[in-house]
Each structure stands twice: as structure tokens, then as C-alpha cells.
Amino acid sequence: MSDFYFPGKESAGSCCLMVGSSAVVLDPGMAYMADDMIKMITQIIGDRPVEAILLSHSHYDHVAGLPSFRRKWPDAKVYAADYAASVLEKEGARKTIKKLSADAAAANNTVVPADYDENLLYVDMVVHDGDVLTFGDQTFTVVECVGHTKCSVSYLTGDGLLLACETLGLPNVDESYNPEFLVSWIKARDSIEKCRNLNVREIYLPHHGLYGDPAANGIWTWMENGIEDTRIKLLDILDRCPDEESQTLEMEKLYWHPERKGGWPRSAFDINAQAMLRTIKKEFLITQTS
């Protein structure tokens, strides 16, 4: 059995570490957190190298630490979905990641590393649904989970730990369900069902940590009920609110918690909120009137 570590726990980061005969990182996280994550990982593995870095998707709060990780462990290979690889190949996307990273750092009264190089944001190995990655005595099965982004994947370890991506949804500060379906509500719902049918003994939720056996503690039901409740609430917002500004304000009332650890800028929340509203409109309202 692999040993699981969550260096980002105190800052609600997204960086995790799996240690067996090899060390594997999931999501290097935000740029301004990278040096602290590297320090904590080094305290765990010592002089041993990180063999692989797995990406759950291409958002800045999950990948922007990659340049620092590449400098520390230059031989580590980065694995991600093909769509994530294509996103990171775009100069505009890399510059956006750098800008959002600077905004997140400022929100936490710090800065990105002075030697930050967005050109180190690239993928070495593309993965697909069902691929099995082997690093020493550890295996990771790739589980495509489109919904949060087009490139979202989860990873199921050989001993049944699901390293879930944000498509499945996350707990808010009050443990209520926080939706994360930016590109498709339908595919996000299907991803929850897909993961429920896997042989999962324990689940990790990004930015939060381990949540035990999801079948025993009701997490699957919490996700299913939560994503359906969100669909109903967003349809109501679209019905009641005539413009994007008022709709976004309603989303903030429901889901925005500025006290949440991690310091995501309000602007980033608003972008995601508007994406979810567009998704619901596209997948339900337009379909219903056609």
C-alpha cells in the first residue's frame, strides 16, 4: 500500500504526494505555494527523486507550481490528458496562468517566485481513459472525468484510493456541496456515476483531503443530490435574473465564501460562476426550447 500525504492541507492547496518504492506527485498547485510544497515533500522523501507528476487538469491553481517542481526534479515526467497538453502548448494560456497566479499570490500578500518561467508549463506524456501508469510498486488507472474542464481526469491507485478531480464537486466551508461543472453538467453527473461504479475504498477530494470510504459515508449520494440541487438552483437564477451581473451576484450568495482558505480571487469565482450558468443554459434551456 502506498503512503498518502497532503502537503497543501493547511493552505487548502491541491498538491498531493504518493510514496511507495517511487514518489509520485498529483498537481503541483499554485505558483506561490510551490516552494513550501517542495520543502514539505523533500522532508518526506529526502534525497529520493519525484518520478512522476500527474495533472488532474490544466487550471492555474493545479499546474502553476510546475516550473518550480521541474527545477527541483528535472527528470520527473509530467502526465496529463491530451486536451490539457494542448492547452499548455498555447502561449496565451501560459500567460493567463501566470497572471492568475500573480493575482492569487497578491490575495495572499505574497508574490510568485522571481524565477517563474511559464515556458516550463508543458506535458511530457499524454494519458487516456483506462490507461494504467506504473511507477515502481504503484499503479494509477486514469479515469476520464469531463465536466469541470474538458481535460479533467481522476486517478485510481492500485489499492483503491481515488484521487478525484474537481468535476465531482467539492465541500464548501460549511460542508455543503460546491459545484464545479464548468463545461458540462451532464458529463459531470455521468462522471460521478462512473466513479461510483469503480472499486473505491477511499476518496481524496482536491483542496480538502481524504474523506474515507465514499460508499460507507454517503459521499456518492451527497454528490448526486448536490449536483441535481445545483441544476435546479441555477435554472431558478436564470429564470429570475435578467442579466449576467445579477445572475453572478446570486451565485455569490449561494457559493462564494471569501473566508475559504487558499485565497482564490473573487474574479476567479465569478468567471467559474458564469461558466456554470452558461453550461446550464446550453444543456437545458436551449434544448427545451428547440
# chains A, B, ... in the order shown; residues from 1 in each chain; ligands from 1
$ select_by_dssp --residues "stretch 3-148 of chain A" --states "strand (DSSP E or B)" --output "PyMOL selection string"
chain A and resi 3-5+16-19+23-26+50-54+77-81+125-127+132-135+138-144
$ residues_around --residues "A:Gly130" --least-positions-apart "6" --cutoff "9 Å" --atoms "only C-alpha atoms" --output "PyMOL selection string"
chain A and resi 141-144
$ write_last_selection --atoms "C-alpha atoms" --output "PDB file, in the first residue's frame"
ATOM      1  CA  THR A 141      -5.552   3.974 -13.532  1.00  0.00           C
ATOM      2  CA  VAL A 142      -6.635   7.051 -15.491  1.00  0.00           C
ATOM      3  CA  VAL A 143     -10.348   7.859 -15.137  1.00  0.00           C
ATOM      4  CA  GLU A 144     -11.600  10.463 -17.599  1.00  0.00           C
TER       5      GLU A 144
END
$ residues_around --residues "stretch 218-230 of chain A" --least-positions-apart "2" --cutoff "10 Å" --atoms "only C-alpha atoms" --output "PyMOL selection string"
chain A and resi 168-171+176-181+185-186+188-190+192-193+195-196+203+211-216+232-236+254+276+280
$ closest_residue --among "A:Pro74, A:Gly209, A:His128, A:Asn119" --to "A:Glu91" --atoms "only C-alpha atoms"
A:Asn119
$ closest_residue --among "A:Val112, A:Met40, A:Ile97, A:Met33" --to "A:Tyr60" --atoms "only C-alpha atoms"
A:Ile97
$ atom_distance --atom1 "atom CA of A:Ala80" --atom2 "atom CA of A:Tyr122"
9.4 Å
$ residues_around --residues "stretch 148-155 of chain A" --least-positions-apart "6" --cutoff "10 Å" --atoms "only C-alpha atoms" --output "MDAnalysis selection string"
chainID A and resid 26 54:59 80:87 127:133 139:142 161:169 179:185 187:188 191 195 204 272 275:276
$ select_by_dssp --residues "stretch 19-256 of chain A" --states "alpha helix (DSSP H)" --output "JSON, numbers by chain"
{"A": [34, 35, 36, 37, 38, 39, 40, 41, 42, 43, 44, 45, 60, 61, 62, 63, 66, 67, 68, 69, 70, 71, 72, 82, 83, 84, 85, 86, 87, 88, 91, 92, 93, 94, 95, 96, 97, 98, 99, 100, 101, 102, 103, 104, 105, 106, 107, 185, 186, 187, 188, 189, 190, 191, 192, 193, 194, 195, 196, 219, 220, 221, 222, 223, 224, 225, 226, 227, 228, 229, 230, 231, 232, 233, 234, 235, 236, 237, 238, 239, 240, 244, 245, 246, 247, 248, 249, 250, 251, 252, 253, 254, 255]}
$ decode --residues "stretch 169-206 of chain A" --atoms "N, CA, C and O atoms" --output "compact mmCIF listing (two decimals), in the first residue's frame"
# COMPACT_ATOMS: atom_id res chain seq x y z
N GLY A 169 -17.27 17.65 -7.79
CA GLY A 169 -17.75 18.62 -6.80
C GLY A 169 -16.92 18.56 -5.54
O GLY A 169 -16.21 17.57 -5.28
N LEU A 170 -17.00 19.63 -4.75
CA LEU A 170 -16.18 19.75 -3.55
C LEU A 170 -17.01 20.24 -2.37
O LEU A 170 -18.06 20.87 -2.57
N PRO A 171 -16.56 20.01 -1.15
CA PRO A 171 -17.25 20.60 0.00
C PRO A 171 -16.97 22.10 0.09
O PRO A 171 -15.85 22.54 -0.16
N ASN A 172 -17.98 22.87 0.43
CA ASN A 172 -17.77 24.28 0.73
C ASN A 172 -17.37 24.40 2.20
O ASN A 172 -17.23 23.39 2.91
N VAL A 173 -17.17 25.60 2.67
CA VAL A 173 -16.69 25.78 4.04
C VAL A 173 -17.66 25.23 5.07
O VAL A 173 -17.27 24.87 6.18
N ASP A 174 -18.94 25.16 4.72
CA ASP A 174 -19.94 24.61 5.63
C ASP A 174 -20.27 23.15 5.32
O ASP A 174 -21.27 22.61 5.79
N GLU A 175 -19.41 22.52 4.50
CA GLU A 175 -19.55 21.12 4.08
C GLU A 175 -20.72 20.90 3.13
O GLU A 175 -21.07 19.75 2.83
N SER A 176 -21.38 21.96 2.67
CA SER A 176 -22.39 21.81 1.64
C SER A 176 -21.69 21.53 0.31
O SER A 176 -20.49 21.72 0.15
N TYR A 177 -22.47 21.06 -0.66
CA TYR A 177 -21.91 20.70 -1.96
C TYR A 177 -21.58 21.96 -2.76
O TYR A 177 -22.42 22.85 -2.93
N ASN A 178 -20.35 22.02 -3.27
CA ASN A 178 -19.91 23.14 -4.09
C ASN A 178 -19.74 22.65 -5.52
O ASN A 178 -18.88 21.82 -5.79
N PRO A 179 -20.56 23.12 -6.46
CA PRO A 179 -20.49 22.62 -7.84
C PRO A 179 -19.25 23.10 -8.56
O PRO A 179 -18.75 24.19 -8.30
N GLU A 180 -18.78 22.29 -9.51
CA GLU A 180 -17.57 22.63 -10.25
C GLU A 180 -17.70 22.30 -11.74
O GLU A 180 -16.70 22.20 -12.44
N PHE A 181 -18.92 22.14 -12.25
CA PHE A 181 -19.11 21.73 -13.66
C PHE A 181 -19.04 22.95 -14.58
O PHE A 181 -20.02 23.58 -14.89
N LEU A 182 -17.88 23.28 -15.06
CA LEU A 182 -17.71 24.47 -15.87
C LEU A 182 -18.06 24.25 -17.34
O LEU A 182 -18.50 25.17 -18.02
N VAL A 183 -17.87 23.03 -17.85
CA VAL A 183 -18.10 22.78 -19.27
C VAL A 183 -19.28 21.85 -19.54
O VAL A 183 -19.81 21.86 -20.65
N SER A 184 -19.71 21.07 -18.56
CA SER A 184 -20.87 20.20 -18.79
C SER A 184 -21.42 19.66 -17.48
O SER A 184 -20.73 18.94 -16.76
N TRP A 185 -22.69 20.02 -17.19
CA TRP A 185 -23.39 19.43 -16.04
C TRP A 185 -23.66 17.96 -16.32
O TRP A 185 -23.48 17.11 -15.45
N ILE A 186 -24.07 17.64 -17.53
CA ILE A 186 -24.43 16.26 -17.87
C ILE A 186 -23.23 15.34 -17.73
O ILE A 186 -23.31 14.26 -17.12
N LYS A 187 -22.08 15.76 -18.26
CA LYS A 187 -20.89 14.91 -18.17
C LYS A 187 -20.36 14.84 -16.74
O LYS A 187 -19.80 13.82 -16.33
N ALA A 188 -20.54 15.91 -15.97
CA ALA A 188 -20.15 15.87 -14.56
C ALA A 188 -20.99 14.86 -13.80
O ALA A 188 -20.48 14.06 -13.01
N ARG A 189 -22.30 14.89 -14.02
CA ARG A 189 -23.19 13.90 -13.39
C ARG A 189 -22.78 12.48 -13.79
O ARG A 189 -22.72 11.58 -12.95
N ASP A 190 -22.48 12.29 -15.07
CA ASP A 190 -22.06 10.97 -15.54
C ASP A 190 -20.72 10.56 -14.94
O ASP A 190 -20.49 9.36 -14.67
N SER A 191 -19.85 11.51 -14.70
CA SER A 191 -18.55 11.21 -14.09
C SER A 191 -18.71 10.74 -12.65
O SER A 191 -17.98 9.85 -12.19
N ILE A 192 -19.65 11.34 -11.93
CA ILE A 192 -19.93 10.88 -10.57
C ILE A 192 -20.38 9.43 -10.60
O ILE A 192 -19.89 8.59 -9.82
N GLU A 193 -21.30 9.10 -11.50
CA GLU A 193 -21.79 7.73 -11.61
C GLU A 193 -20.66 6.78 -12.03
O GLU A 193 -20.56 5.66 -11.52
N LYS A 194 -19.82 7.23 -12.95
CA LYS A 194 -18.69 6.42 -13.40
C LYS A 194 -17.76 6.07 -12.24
O LYS A 194 -17.35 4.91 -12.07
N CYS A 195 -17.44 7.07 -11.44
CA CYS A 195 -16.53 6.84 -10.31
C CYS A 195 -17.20 5.99 -9.22
O CYS A 195 -16.54 5.17 -8.56
N ARG A 196 -18.51 6.16 -9.05
CA ARG A 196 -19.23 5.36 -8.07
C ARG A 196 -19.15 3.88 -8.40
O ARG A 196 -19.16 3.02 -7.50
N ASN A 197 -19.05 3.55 -9.67
CA ASN A 197 -19.02 2.16 -10.10
C ASN A 197 -17.62 1.55 -10.07
O ASN A 197 -17.44 0.38 -10.42
N LEU A 198 -16.63 2.34 -9.68
CA LEU A 198 -15.27 1.82 -9.52
C LEU A 198 -15.12 1.16 -8.14
O LEU A 198 -15.92 1.37 -7.24
N ASN A 199 -14.06 0.41 -7.99
CA ASN A 199 -13.78 -0.25 -6.71
C ASN A 199 -12.97 0.71 -5.84
O ASN A 199 -11.75 0.58 -5.71
N VAL A 200 -13.66 1.69 -5.25
CA VAL A 200 -13.01 2.74 -4.47
C VAL A 200 -13.14 2.44 -2.98
O VAL A 200 -14.25 2.27 -2.47
N ARG A 201 -12.02 2.38 -2.29
CA ARG A 201 -12.05 2.15 -0.84
C ARG A 201 -11.95 3.46 -0.06
O ARG A 201 -12.34 3.53 1.11
N GLU A 202 -11.39 4.49 -0.71
CA GLU A 202 -11.21 5.78 -0.06
C GLU A 202 -11.11 6.83 -1.14
O GLU A 202 -10.68 6.56 -2.26
N ILE A 203 -11.53 8.06 -0.81
CA ILE A 203 -11.53 9.12 -1.81
C ILE A 203 -10.80 10.35 -1.29
O ILE A 203 -10.94 10.72 -0.12
N TYR A 204 -10.00 10.94 -2.16
CA TYR A 204 -9.37 12.23 -1.89
C TYR A 204 -10.09 13.29 -2.72
O TYR A 204 -10.29 13.12 -3.93
N LEU A 205 -10.51 14.37 -2.06
CA LEU A 205 -11.13 15.49 -2.75
C LEU A 205 -10.15 16.66 -2.78
O LEU A 205 -9.64 17.07 -1.73
N PRO A 206 -9.87 17.21 -3.96
CA PRO A 206 -8.86 18.25 -4.08
C PRO A 206 -9.17 19.47 -3.21
O PRO A 206 -10.32 19.83 -3.03
